file start-v9.cif (mmCIF, C-alpha atoms)
data_work
#
loop_
_atom_site.label_atom_id
_atom_site.label_comp_id
_atom_site.auth_asym_id
_atom_site.auth_seq_id
_atom_site.Cartn_x
_atom_site.Cartn_y
_atom_site.Cartn_z
CA MET A 2 157.35 21.82 1.44
CA ALA A 3 158.67 25.28 2.08
CA THR A 4 159.12 26.54 5.61
CA VAL A 5 157.19 29.50 6.95
CA ASP A 6 160.14 31.88 6.45
CA ASP A 7 160.53 30.79 2.84
CA ARG A 8 157.04 31.97 2.01
CA ARG A 9 157.84 35.67 2.10
CA VAL A 10 157.73 37.06 -1.40
CA PRO A 11 160.33 39.74 -2.21
CA VAL A 12 159.22 42.89 -3.96
CA GLY A 13 160.99 44.23 -7.03
CA ARG A 14 160.44 41.43 -9.52
CA ARG A 15 156.97 40.69 -10.75
CA ALA A 16 155.37 39.03 -7.78
CA TRP A 17 153.55 36.29 -9.65
CA ILE A 18 156.80 35.12 -11.25
CA VAL A 19 158.45 34.87 -7.84
CA VAL A 20 155.46 32.94 -6.47
CA ALA A 21 155.43 30.68 -9.52
CA GLU A 22 159.15 29.93 -9.18
CA ARG A 23 158.74 28.93 -5.56
CA GLU A 24 155.65 26.88 -6.22
CA LEU A 25 157.37 25.10 -9.09
CA ARG A 26 160.35 24.29 -6.88
CA ASP A 27 158.03 23.00 -4.17
CA LEU A 28 156.06 20.90 -6.62
CA TRP A 29 158.90 19.33 -8.59
CA LEU A 30 161.75 19.13 -6.10
CA ALA A 31 159.99 18.59 -2.81
CA GLY A 32 156.39 17.86 -3.66
CA ARG A 33 154.34 15.30 -5.46
CA GLY A 34 154.92 16.39 -9.03
CA LEU A 35 157.26 13.55 -9.91
CA PRO A 36 155.25 10.76 -8.20
CA LEU A 37 152.09 11.97 -9.99
CA LEU A 38 153.94 12.01 -13.28
CA LEU A 39 155.27 8.52 -12.63
CA ALA A 40 151.73 7.22 -12.12
CA TYR A 41 150.68 9.04 -15.29
CA ALA A 42 153.51 7.46 -17.30
CA LEU A 43 152.57 4.01 -15.99
CA LEU A 44 148.98 4.55 -17.10
CA LEU A 45 150.08 5.64 -20.57
CA SER A 46 152.40 2.63 -20.81
CA VAL A 47 149.61 0.20 -19.95
CA THR A 48 147.17 1.91 -22.32
CA SER A 49 149.65 2.00 -25.20
CA TYR A 50 150.68 -1.61 -24.68
CA LEU A 51 147.06 -2.74 -24.57
CA VAL A 52 146.04 -0.95 -27.76
CA ALA A 53 149.09 -2.37 -29.49
CA ALA A 54 149.00 -5.91 -28.12
CA ASN A 55 145.53 -6.86 -26.97
CA GLN A 56 143.56 -8.76 -29.59
CA ALA A 57 140.23 -7.38 -28.36
CA LEU A 58 141.45 -3.81 -28.75
CA ASN A 59 143.61 -4.40 -31.78
CA PHE A 60 140.62 -4.13 -34.11
CA LEU A 61 141.00 -0.42 -33.66
CA GLU A 62 142.34 1.27 -36.72
CA GLN A 63 145.75 2.81 -36.07
CA ARG A 64 144.39 6.35 -36.07
CA GLU A 65 141.87 5.30 -33.45
CA THR A 66 144.60 3.91 -31.21
CA VAL A 67 146.35 7.28 -31.38
CA SER A 68 143.08 9.07 -30.62
CA LEU A 69 142.28 6.76 -27.70
CA THR A 70 145.73 7.13 -26.16
CA LEU A 71 145.69 10.87 -26.68
CA GLN A 72 142.30 11.25 -25.05
CA VAL A 73 143.53 9.31 -22.01
CA ALA A 74 146.67 11.46 -21.94
CA VAL A 75 144.73 14.72 -22.14
CA ALA A 76 142.05 13.72 -19.63
CA VAL A 77 144.47 12.40 -17.01
CA GLY A 78 146.91 15.25 -17.61
CA ALA A 79 144.09 17.70 -16.92
CA LEU A 80 143.17 15.72 -13.82
CA LEU A 81 146.72 16.23 -12.52
CA VAL A 82 146.28 19.98 -12.95
CA LEU A 83 143.03 19.84 -11.02
CA LEU A 84 144.70 17.95 -8.16
CA GLY A 85 147.47 20.55 -8.01
CA ALA A 86 145.12 23.53 -8.25
CA ALA A 87 142.58 22.23 -5.74
CA ASP A 88 145.37 21.82 -3.19
CA SER A 89 147.00 25.17 -3.90
CA VAL A 90 145.37 27.43 -1.31
CA SER A 91 143.42 25.06 0.94
CA GLY A 92 146.56 22.91 1.22
CA GLU A 93 148.56 25.89 2.45
CA ARG A 94 145.79 26.60 4.96
CA GLU A 95 145.95 23.09 6.37
CA ARG A 96 149.75 23.06 6.49
CA GLY A 97 149.70 26.41 8.31
CA THR A 98 151.84 28.16 5.68
CA LEU A 99 149.19 30.45 4.21
CA GLU A 100 149.49 33.13 6.88
CA SER A 101 153.07 34.07 6.03
CA LEU A 102 152.19 34.05 2.34
CA LEU A 103 149.32 36.46 2.96
CA LEU A 104 151.62 38.74 4.94
CA SER A 105 153.95 39.12 1.97
CA PRO A 106 153.67 42.33 -0.11
CA ALA A 107 152.55 40.39 -3.17
CA PRO A 108 149.00 41.07 -4.31
CA ARG A 109 146.53 38.22 -3.72
CA ARG A 110 145.97 37.94 -7.44
CA ALA A 111 149.69 37.37 -7.98
CA LEU A 112 149.67 34.61 -5.35
CA LEU A 113 146.86 32.76 -7.11
CA LEU A 114 148.40 33.32 -10.54
CA GLY A 115 151.72 31.87 -9.39
CA LYS A 116 149.99 28.85 -7.91
CA ALA A 117 147.96 28.30 -11.08
CA VAL A 118 151.15 28.40 -13.15
CA ALA A 119 152.67 25.72 -10.95
CA ALA A 120 149.56 23.56 -11.34
CA LEU A 121 149.67 24.07 -15.11
CA SER A 122 153.26 22.82 -15.18
CA LEU A 123 151.85 19.37 -14.39
CA TRP A 124 150.02 19.44 -17.72
CA VAL A 125 153.10 20.64 -19.63
CA ALA A 126 155.14 17.76 -18.17
CA ALA A 127 152.33 15.27 -18.83
CA TRP A 128 152.04 16.41 -22.44
CA ALA A 129 155.80 16.06 -22.93
CA ILE A 130 155.65 12.50 -21.58
CA SER A 131 152.79 11.60 -23.94
CA VAL A 132 154.79 12.59 -27.03
CA PRO A 133 156.91 9.41 -27.36
CA TYR A 134 153.79 7.21 -26.98
CA VAL A 135 151.95 9.21 -29.62
CA TRP A 136 154.98 9.07 -31.89
CA TYR A 137 155.16 5.29 -31.63
CA LEU A 138 151.45 4.68 -32.15
CA GLY A 139 151.00 7.28 -34.87
CA ARG A 140 154.07 6.72 -37.03
CA GLY A 141 153.27 5.32 -40.41
CA VAL A 142 149.84 6.91 -40.66
CA GLY A 143 151.04 10.50 -40.70
CA VAL A 144 149.17 11.74 -37.67
CA VAL A 145 152.03 12.35 -35.23
CA GLY A 146 152.36 16.06 -35.97
CA VAL A 147 148.66 16.83 -35.86
CA ALA A 148 148.18 14.62 -32.78
CA VAL A 149 150.98 16.28 -30.83
CA ALA A 150 149.91 19.81 -31.81
CA SER A 151 146.19 19.30 -31.28
CA SER A 152 146.68 17.59 -27.93
CA LEU A 153 148.76 20.57 -26.82
CA VAL A 154 145.98 22.98 -27.78
CA VAL A 155 143.06 20.96 -26.41
CA GLY A 156 144.91 19.82 -23.30
CA SER A 157 146.08 23.36 -22.54
CA LEU A 158 142.52 24.69 -22.76
CA LEU A 159 141.25 21.95 -20.44
CA ALA A 160 144.20 22.45 -18.11
CA LEU A 161 143.58 26.23 -17.99
CA PHE A 162 139.93 25.60 -17.20
CA LEU A 163 140.72 23.15 -14.41
CA ALA A 164 143.54 25.31 -13.03
CA GLY A 165 141.15 28.26 -12.75
CA TYR A 166 138.37 26.13 -11.36
CA GLY A 167 140.61 24.31 -8.86
CA VAL A 168 142.21 27.52 -7.57
CA LEU A 169 138.77 29.13 -7.28
CA ILE A 170 137.37 26.27 -5.20
CA SER A 171 140.53 26.05 -3.14
CA THR A 172 140.29 29.78 -2.38
CA ILE A 173 136.70 29.86 -1.24
CA VAL A 174 136.31 26.61 0.71
CA GLY A 175 137.60 26.08 4.21
CA SER A 176 139.25 22.67 4.05
CA ASN A 177 141.52 20.87 1.63
CA ARG A 178 139.35 17.76 1.74
CA LEU A 179 136.29 19.73 0.70
CA SER A 180 138.24 21.46 -2.06
CA LEU A 181 139.41 18.14 -3.55
CA SER A 182 135.98 16.54 -3.16
CA VAL A 183 134.13 19.38 -4.87
CA SER A 184 136.71 19.60 -7.66
CA LEU A 185 136.70 15.88 -8.39
CA PHE A 186 132.92 15.71 -8.24
CA ALA A 187 132.68 18.50 -10.81
CA LEU A 188 135.16 16.70 -13.05
CA LEU A 189 133.10 13.52 -12.79
CA ALA A 190 129.96 15.48 -13.69
CA LEU A 191 131.72 16.91 -16.75
CA TYR A 192 132.29 13.38 -18.02
CA ALA A 193 128.62 12.44 -17.58
CA PRO A 194 127.49 13.57 -21.07
CA THR A 195 129.73 10.91 -22.62
CA GLN A 196 127.42 8.32 -21.06
CA MET A 197 124.27 9.70 -22.66
CA PRO A 198 122.49 7.30 -25.03
CA THR A 199 123.31 7.81 -28.71
CA ALA A 200 119.79 9.04 -29.46
CA VAL A 201 120.11 11.80 -26.85
CA GLN A 202 123.58 12.74 -28.11
CA ASN A 203 122.17 13.11 -31.61
CA SER A 204 119.37 15.44 -30.52
CA TRP A 205 119.93 19.21 -30.64
CA ILE A 206 120.02 19.52 -26.85
CA GLY A 207 122.45 16.62 -26.59
CA ASP A 208 124.66 18.14 -29.29
CA LEU A 209 124.59 21.50 -27.52
CA LEU A 210 125.55 19.89 -24.22
CA LEU A 211 128.40 18.02 -25.86
CA ARG A 212 129.69 21.24 -27.40
CA ILE A 213 129.41 23.29 -24.21
CA ASP A 214 131.00 20.69 -21.95
CA PRO A 215 134.77 21.12 -22.38
CA PHE A 216 135.45 17.48 -21.49
CA THR A 217 133.27 16.17 -24.31
CA ALA A 218 133.98 18.88 -26.87
CA GLY A 219 137.78 18.72 -26.52
CA PRO A 220 138.13 14.95 -27.07
CA ARG A 221 135.62 15.08 -29.95
CA TYR A 222 137.72 17.72 -31.65
CA LEU A 223 140.78 15.50 -31.24
CA GLY A 224 138.87 12.53 -32.66
CA ARG A 225 137.75 14.46 -35.72
CA LEU A 226 141.25 15.66 -36.45
CA ILE A 227 142.99 12.35 -35.93
CA ILE A 228 140.43 9.72 -36.95
CA ASN A 229 138.47 11.58 -39.62
CA GLY A 230 141.48 13.49 -40.93
CA HIS A 231 139.68 16.84 -40.79
CA SER A 232 141.65 20.06 -41.01
CA PRO A 233 142.15 22.01 -37.74
CA GLY A 234 139.76 24.75 -38.84
CA GLN A 235 137.02 22.42 -40.06
CA ASP A 236 135.79 21.52 -36.59
CA ALA A 237 137.09 24.55 -34.71
CA GLY A 238 133.56 25.12 -33.39
CA TRP A 239 134.18 22.27 -30.97
CA LEU A 240 136.89 24.36 -29.31
CA ILE A 241 134.52 27.19 -28.40
CA GLY A 242 133.27 25.36 -25.29
CA PRO A 243 136.73 24.54 -23.90
CA ALA A 244 138.04 28.04 -24.74
CA LEU A 245 135.08 29.77 -23.08
CA ALA A 246 135.34 27.52 -20.04
CA ALA A 247 139.06 28.28 -19.72
CA VAL A 248 138.58 32.05 -20.00
CA VAL A 249 135.63 32.14 -17.59
CA ALA A 250 137.27 29.88 -14.97
CA VAL A 251 140.54 31.83 -14.94
CA ALA A 252 138.73 35.19 -14.91
CA VAL A 253 136.46 34.20 -12.02
CA ALA A 254 139.41 32.75 -10.07
CA LEU A 255 141.33 36.01 -10.46
CA ALA A 256 138.22 38.05 -9.67
CA VAL A 257 137.69 36.34 -6.33
CA ALA A 258 141.40 36.56 -5.45
CA ASP A 259 140.70 39.53 -3.21
CA ARG A 260 138.44 37.33 -1.11
CA LEU A 261 141.39 35.09 -0.27
CA THR A 262 141.42 34.87 3.52
CA LEU A 263 143.38 32.91 6.08
CA HIS A 264 140.54 30.55 6.90
CA GLY A 265 138.41 30.66 3.79
CA GLY A 266 134.76 29.69 3.38
CA ASP A 267 132.38 30.26 6.26
CA GLN A 268 135.22 30.38 8.78
CA ALA A 269 136.51 33.65 7.37
CA MET B 20 68.48 -15.13 -30.45
CA ARG B 21 70.73 -14.75 -27.37
CA ALA B 22 73.07 -17.39 -28.80
CA THR B 23 73.28 -15.47 -32.09
CA ILE B 24 74.11 -12.19 -30.31
CA ALA B 25 76.73 -13.94 -28.19
CA ALA B 26 78.25 -15.51 -31.29
CA LEU B 27 78.36 -12.13 -33.06
CA LEU B 28 80.00 -10.46 -30.03
CA LEU B 29 82.57 -13.26 -29.80
CA ALA B 30 83.32 -12.99 -33.51
CA ALA B 31 83.73 -9.26 -33.21
CA ALA B 32 86.10 -9.66 -30.26
CA VAL B 33 88.45 -12.12 -31.99
CA THR B 34 88.52 -10.37 -35.37
CA PRO B 35 91.76 -8.31 -35.77
CA GLY B 36 89.71 -5.47 -37.18
CA ALA B 37 87.97 -5.16 -33.86
CA VAL B 38 91.25 -4.44 -32.15
CA HIS B 39 92.36 -1.95 -34.78
CA ALA B 40 89.07 -0.13 -34.46
CA HIS B 41 90.40 1.32 -31.19
CA LEU B 42 93.73 2.40 -32.68
CA PRO B 43 94.25 5.64 -34.59
CA ARG B 44 93.77 4.89 -38.24
CA SER B 45 96.42 5.99 -40.66
CA SER B 46 95.64 6.84 -44.23
CA ILE B 47 97.17 3.52 -45.27
CA ALA B 48 95.50 0.35 -44.03
CA PRO B 49 97.67 -2.06 -42.02
CA LEU B 50 99.00 -5.10 -43.78
CA PRO B 51 96.94 -8.27 -43.51
CA ALA B 52 98.48 -10.95 -41.32
CA GLY B 53 100.56 -13.50 -43.17
CA THR B 54 101.75 -11.24 -46.00
CA ALA B 55 105.35 -10.18 -46.30
CA PRO B 56 105.73 -6.46 -45.60
CA ALA B 57 108.18 -5.98 -48.48
CA SER B 58 111.08 -7.63 -50.23
CA VAL B 59 114.63 -6.60 -49.46
CA GLN B 60 117.81 -7.09 -51.43
CA LEU B 61 121.42 -6.43 -50.38
CA ASP B 62 124.16 -5.15 -52.62
CA PRO B 63 126.91 -6.35 -52.81
CA THR B 64 126.52 -9.96 -51.74
CA THR B 65 130.16 -10.73 -50.98
CA MET B 66 132.87 -8.61 -49.52
CA SER B 67 136.36 -8.95 -48.08
CA THR B 68 137.87 -6.54 -45.61
CA SER B 69 140.20 -6.46 -42.66
CA ILE B 70 139.39 -5.96 -39.03
CA GLY B 71 138.84 -2.39 -37.95
CA GLN B 72 137.82 -1.20 -41.40
CA ARG B 73 134.57 0.63 -42.05
CA PHE B 74 132.60 -0.27 -45.13
CA SER B 75 129.22 0.51 -46.63
CA PHE B 76 126.57 -1.41 -48.52
CA THR B 77 123.00 -0.79 -49.54
CA SER B 78 119.73 -2.58 -49.18
CA THR B 79 116.80 -2.03 -51.53
CA VAL B 80 113.39 -2.38 -49.95
CA ARG B 81 110.67 -2.94 -52.54
CA ASN B 82 106.92 -2.84 -52.12
CA ASP B 83 105.79 -5.56 -54.51
CA SER B 84 102.10 -5.18 -53.76
CA ASP B 85 99.42 -3.03 -55.39
CA GLN B 86 98.85 -1.13 -52.16
CA PRO B 87 101.04 1.55 -50.57
CA LYS B 88 102.69 0.46 -47.35
CA SER B 89 103.61 2.40 -44.27
CA GLY B 90 105.17 1.67 -40.92
CA LEU B 91 107.98 -0.45 -42.36
CA VAL B 92 111.05 -0.95 -40.19
CA ALA B 93 114.38 -2.19 -41.52
CA HIS B 94 116.85 -3.78 -39.13
CA LEU B 95 120.45 -4.81 -39.70
CA ASN B 96 121.89 -7.97 -38.21
CA VAL B 97 125.35 -9.52 -38.14
CA LEU B 98 126.12 -13.13 -37.29
CA GLY B 99 129.33 -15.09 -37.17
CA LEU B 100 129.65 -18.38 -39.01
CA ASP B 101 132.53 -19.51 -36.80
CA PRO B 102 131.19 -20.91 -33.52
CA ASP B 103 134.20 -19.65 -31.58
CA VAL B 104 133.69 -16.02 -32.54
CA TYR B 105 131.31 -13.99 -30.39
CA VAL B 106 129.62 -11.30 -32.45
CA ASP B 107 127.74 -8.40 -30.90
CA PRO B 108 126.02 -6.51 -33.74
CA GLU B 109 125.85 -3.41 -31.52
CA ASP B 110 129.65 -3.17 -31.81
CA TRP B 111 129.43 -3.15 -35.59
CA SER B 112 127.00 -0.26 -35.84
CA SER B 113 125.15 1.87 -33.36
CA GLN B 114 122.42 2.66 -35.91
CA ARG B 115 120.95 -0.61 -37.04
CA THR B 116 117.28 0.28 -37.28
CA ILE B 117 115.72 2.54 -39.91
CA TYR B 118 112.07 3.59 -39.90
CA LEU B 119 111.00 3.90 -43.51
CA ASP B 120 108.78 6.53 -45.04
CA PRO B 121 105.51 5.26 -46.58
CA LEU B 122 106.28 3.25 -49.70
CA PRO B 123 103.91 3.61 -52.69
CA ALA B 124 102.77 0.54 -54.62
CA HIS B 125 105.58 -1.11 -56.62
CA ALA B 126 108.06 1.49 -55.41
CA SER B 127 111.39 0.85 -53.79
CA THR B 128 113.78 2.70 -51.54
CA ARG B 129 117.51 2.33 -51.01
CA LEU B 130 118.97 2.29 -47.53
CA ALA B 131 122.67 2.90 -46.96
CA TRP B 132 124.37 1.10 -44.09
CA THR B 133 127.85 1.72 -42.73
CA VAL B 134 129.43 -0.73 -40.33
CA GLN B 135 132.84 -1.36 -38.82
CA ALA B 136 134.27 -4.86 -38.86
CA VAL B 137 135.15 -5.60 -35.27
CA ASN B 138 135.42 -9.41 -35.53
CA SER B 139 137.57 -11.45 -37.84
CA GLY B 140 136.50 -14.59 -39.68
CA ARG B 141 133.52 -15.50 -41.81
CA LEU B 142 130.39 -13.51 -41.13
CA VAL B 143 126.99 -12.86 -42.60
CA ILE B 144 125.14 -9.57 -42.70
CA TYR B 145 121.47 -9.36 -43.54
CA VAL B 146 118.61 -6.90 -43.24
CA THR B 147 115.09 -7.68 -42.14
CA VAL B 148 111.97 -5.67 -42.79
CA SER B 149 108.93 -5.86 -40.58
CA ALA B 150 105.81 -3.75 -40.23
CA GLN B 151 104.72 -1.76 -37.20
CA GLN B 152 101.15 -3.04 -37.59
CA GLY B 153 99.33 -5.90 -39.24
CA THR B 154 101.47 -8.64 -40.63
CA ASP B 155 103.49 -10.90 -38.37
CA VAL B 156 105.81 -11.89 -41.22
CA VAL B 157 109.39 -10.60 -41.21
CA ALA B 158 111.02 -10.32 -44.62
CA ALA B 159 114.72 -11.15 -44.66
CA SER B 160 117.17 -10.10 -47.32
CA ASN B 161 119.71 -12.23 -49.09
CA THR B 162 123.03 -12.40 -47.25
CA LEU B 163 126.12 -10.32 -47.58
CA ARG B 164 128.88 -12.84 -47.01
CA LEU B 165 131.83 -11.20 -45.41
CA ALA B 166 135.41 -12.36 -44.97
CA VAL B 167 137.22 -10.29 -42.35
CA ALA B 168 140.98 -10.75 -42.18
CA GLN B 169 142.87 -10.38 -38.93
CA GLN B 170 145.17 -7.39 -38.94
CA GLN B 171 147.92 -6.61 -36.52
CA THR B 172 148.36 -2.90 -37.10
CA LEU B 173 150.92 -2.37 -34.39
CA ASP B 174 153.96 -4.27 -33.27
CA ALA B 175 153.29 -5.13 -29.65
CA GLY B 176 156.94 -6.05 -29.09
CA GLY B 177 158.08 -2.67 -30.32
CA ILE B 178 156.20 -0.67 -27.75
CA LEU B 179 157.40 -2.71 -24.81
CA PRO B 180 160.81 -1.00 -24.49
CA LEU B 181 159.11 2.40 -24.62
CA ALA B 182 156.40 1.37 -22.16
CA VAL B 183 159.10 0.24 -19.72
CA ALA B 184 161.68 2.95 -20.36
CA VAL B 185 159.53 6.03 -19.70
CA PRO B 186 158.25 5.02 -16.23
CA THR B 187 161.68 3.63 -15.30
CA THR B 188 163.36 6.92 -16.20
CA LEU B 189 160.81 8.83 -14.15
CA LEU B 190 161.28 6.43 -11.26
CA LEU B 191 165.03 7.06 -11.36
CA VAL B 192 164.54 10.83 -11.47
CA THR B 193 162.08 10.63 -8.56
CA GLY B 194 164.56 8.54 -6.56
CA LEU B 195 167.48 10.87 -7.30
CA THR B 196 165.42 13.93 -6.34
CA ALA B 197 164.35 12.33 -3.07
CA ARG B 198 167.96 11.37 -2.33
CA ARG B 199 169.20 14.90 -3.05
CA ARG B 200 166.49 16.30 -0.81
CA ARG B 201 167.50 14.02 2.04
CA LYS B 202 171.15 15.05 1.64
CA LEU B 203 170.25 18.74 1.76
CA ARG B 204 168.41 18.17 5.04
#

call {"tool": "encode", "arguments": {"input": "start-v9.cif", "output": "structure tokens"}}
result
Amino acid sequence: MATVDDRRVPVGRRAWIVVAERELRDLWLAGRGLPLLLAYALLLSVTSYLVAANQALNFLEQRETVSLTLQVAVAVGALLVLLGAADSVSGERERGTLESLLLSPAPRRALLLGKAVAALSLWVAAWAISVPYVWYLGRGVGVVGVAVASSLVVGSLLALFLAGYGVLISTIVGSNRLSLSVSLFALLALYAPTQMPTAVQNSWIGDLLLRIDPFTAGPRYLGRLIINGHSPGQDAGWLIGPALAAVVAVAVALAVADRLTLHGGDQA
Amino acid sequence: MRATIAALLLAAAVTPGAVHAHLPRSSIAPLPAGTAPASVQLDPTTMSTSIGQRFSFTSTVRNDSDQPKSGLVAHLNVLGLDPDVYVDPEDWSSQRTIYLDPLPAHASTRLAWTVQAVNSGRLVIYVTVSAQQGTDVVAASNTLRLAVAQQQTLDAGGILPLAVAVPTTLLLVTGLTARRRRKLR
């Protein structure tokens, strides 16, 4: 982690770029970026090996194995972003490094933007790692290109949403533990619609919920592209929920940037 | 006289019509007990596929009687002929029950079913038709005999080097970064 003196942001260059550079260095050279990515790669290895080798799972048609692996890759990649974003401000508070950052001439909005960019880099790295797995599973059925491209689009929307949401929570709550708890609870709640009975999912309210919830709409879009072979525009309506969620979360996070205080929450 | 009244009351209580008198009456009378609700026929009757594949077939439900019938329910079932293979029909299709519209006398209706073969081996698919009220007879269709071939779509050995190489490379990079960081300190 950076020392207190390192946290001062020079003026002249665009402040958010300077913040992002430092956050990226902290995350990838001194932080937990690589260990998180290692755990992610292990998970993808186990998933890919199981879908390729396990008899119980091998009934899956090859396109379905690609879709399943891709959905795991996108969901866990987005989770990494949430972990990074939820720690971004509240973590600095707990480590006692936020004060010097707040004293820098950089606008608060630039601080949060730089931190969100660093959190988003976890998704970019996770997506890059998923490519060889997708290539192996999808070769021969002609879905590698569409799988790689669509996972980048869907995963980026989900990552943007979680980066905005995580930074927002991290900004307004007082402790890092609370920030992580609230963020993970929300993520869990977003997966709840996938557990609805089929009859409920087929009703208009169930369908609406599935389309609004970015974590059900995004994977469904991927499934339709990869398994059903639909064109990207055919089911583009499923991307409205994730896109709206991403825009709203980032906008709200930037809007509350001015409320960024040393203590946060009710201790401010 | 009392014995006659008691006998009449008892007869009224055990007659099925007495029970139905309390239920909302539909325009079509319930089927009498003991009569088959309809006949049902599957098409095709044999099929070969490989595991993981989706396929469709139809069942024709026919009302052979002179009376219209309502409240018919068709249900799909799958069973394995190999004792070692566990078959859960729910895995084959999540929509295995169809509630039919009223069927006029001597009319028929075709139901389309789509399932995914999730077990290999020899299996049988059939459709039953029962009625919501009246008859206690369940009509079963002829069988669709299914041969599902095992299919290894992916080479498990081929993915092993990849599954090992990616985490190992990341582990090396993580170790080198940690070492460099320690040196700088």

call {"tool": "resolve_selection", "arguments": {"input": "start-v9.cif", "expression": "the PyMOL selection byres ((chain B) within 10 of (chain A))", "output": "PyMOL selection string"}}
result
chain B and resi 69-73+113-114+135-139+169-194+196-197+199-200

call {"tool": "closest_atom_pairs", "arguments": {"input": "start-v9.cif", "of": "stretch 109-226 of chain A", "to": "stretch 68-74 of chain A", "cutoff": "7 Å", "atoms": "all atoms listed in the file", "output": "JSON lines"}}
result
{"residue": "A:Ser131", "atom": "CA", "partner": "A:Ala74", "partner_atom": "CA", "distance": 6.4}
{"residue": "A:Ser152", "atom": "CA", "partner": "A:Leu71", "partner_atom": "CA", "distance": 6.9}
{"residue": "A:Pro220", "atom": "CA", "partner": "A:Gln72", "partner_atom": "CA", "distance": 5.9}
{"residue": "A:Leu223", "atom": "CA", "partner": "A:Ser68", "partner_atom": "CA", "distance": 6.9}
{"residue": "A:Gly224", "atom": "CA", "partner": "A:Ser68", "partner_atom": "CA", "distance": 5.8}

call {"tool": "residues_around", "arguments": {"input": "start-v9.cif", "residues": "stretch 232-238 of chain A", "least_positions_apart": "5", "cutoff": "9 Å", "atoms": "all atoms listed in the file", "output": "list of chain:residue names"}}
result
A:Val147, A:Ser151, A:Arg212, A:Tyr222, A:Arg225, A:Leu226

call {"tool": "write_last_selection", "arguments": {"input": "start-v9.cif", "atoms": "C-alpha atoms", "output": "JSON list (two decimals), in the coordinates of the input"}}
result
[["chain", "number", "residue", "atom", "x", "y", "z"],
["A", 147, "VAL", "CA", 148.66, 16.83, -35.86],
["A", 151, "SER", "CA", 146.19, 19.30, -31.28],
["A", 212, "ARG", "CA", 129.69, 21.24, -27.40],
["A", 222, "TYR", "CA", 137.72, 17.72, -31.65],
["A", 225, "ARG", "CA", 137.75, 14.46, -35.72],
["A", 226, "LEU", "CA", 141.25, 15.66, -36.45]]

call {"tool": "closest_atom_pairs", "arguments": {"input": "start-v9.cif", "of": "stretch 78-141 of chain A", "to": "stretch 177-182 of chain A", "cutoff": "10 Å", "atoms": "only C-alpha atoms", "output": "Markdown table"}}
result
| residue | atom | partner | partner_atom | distance |
| --- | --- | --- | --- | --- |
| A:Leu83 | CA | A:Leu181 | CA | 8.5 |
| A:Leu84 | CA | A:Leu181 | CA | 7.0 |
| A:Gly85 | CA | A:Leu181 | CA | 9.5 |
| A:Ala86 | CA | A:Leu181 | CA | 9.2 |
| A:Ala87 | CA | A:Leu181 | CA | 5.6 |
| A:Asp88 | CA | A:Asn177 | CA | 6.2 |
| A:Ser89 | CA | A:Asn177 | CA | 8.9 |
| A:Val90 | CA | A:Asn177 | CA | 8.2 |
| A:Ser91 | CA | A:Asn177 | CA | 4.7 |
| A:Gly92 | CA | A:Asn177 | CA | 5.5 |
| A:Glu93 | CA | A:Asn177 | CA | 8.7 |
| A:Arg94 | CA | A:Asn177 | CA | 7.9 |
| A:Glu95 | CA | A:Asn177 | CA | 6.9 |
| A:Arg96 | CA | A:Asn177 | CA | 9.8 |

call {"tool": "atom_distance", "arguments": {"input": "start-v9.cif", "atom1": "atom CA of A:Leu153", "atom2": "atom CA of A:Asp208"}}
result
24.3 Å

call {"tool": "atom_distance", "arguments": {"input": "start-v9.cif", "atom1": "atom CA of B:Asn96", "atom2": "atom CA of B:Pro56"}}
result
17.8 Å

call {"tool": "axis_aligned_box", "arguments": {"input": "start-v9.cif", "around": "stretch 121-133 of chain B", "padding_each_side": "4 Å", "output": "AutoDock Vina command-line options"}}
result
--center_x 115.3 --center_y 2.1 --center_z -49.7 --size_x 33.1 --size_y 14.4 --size_z 21.9
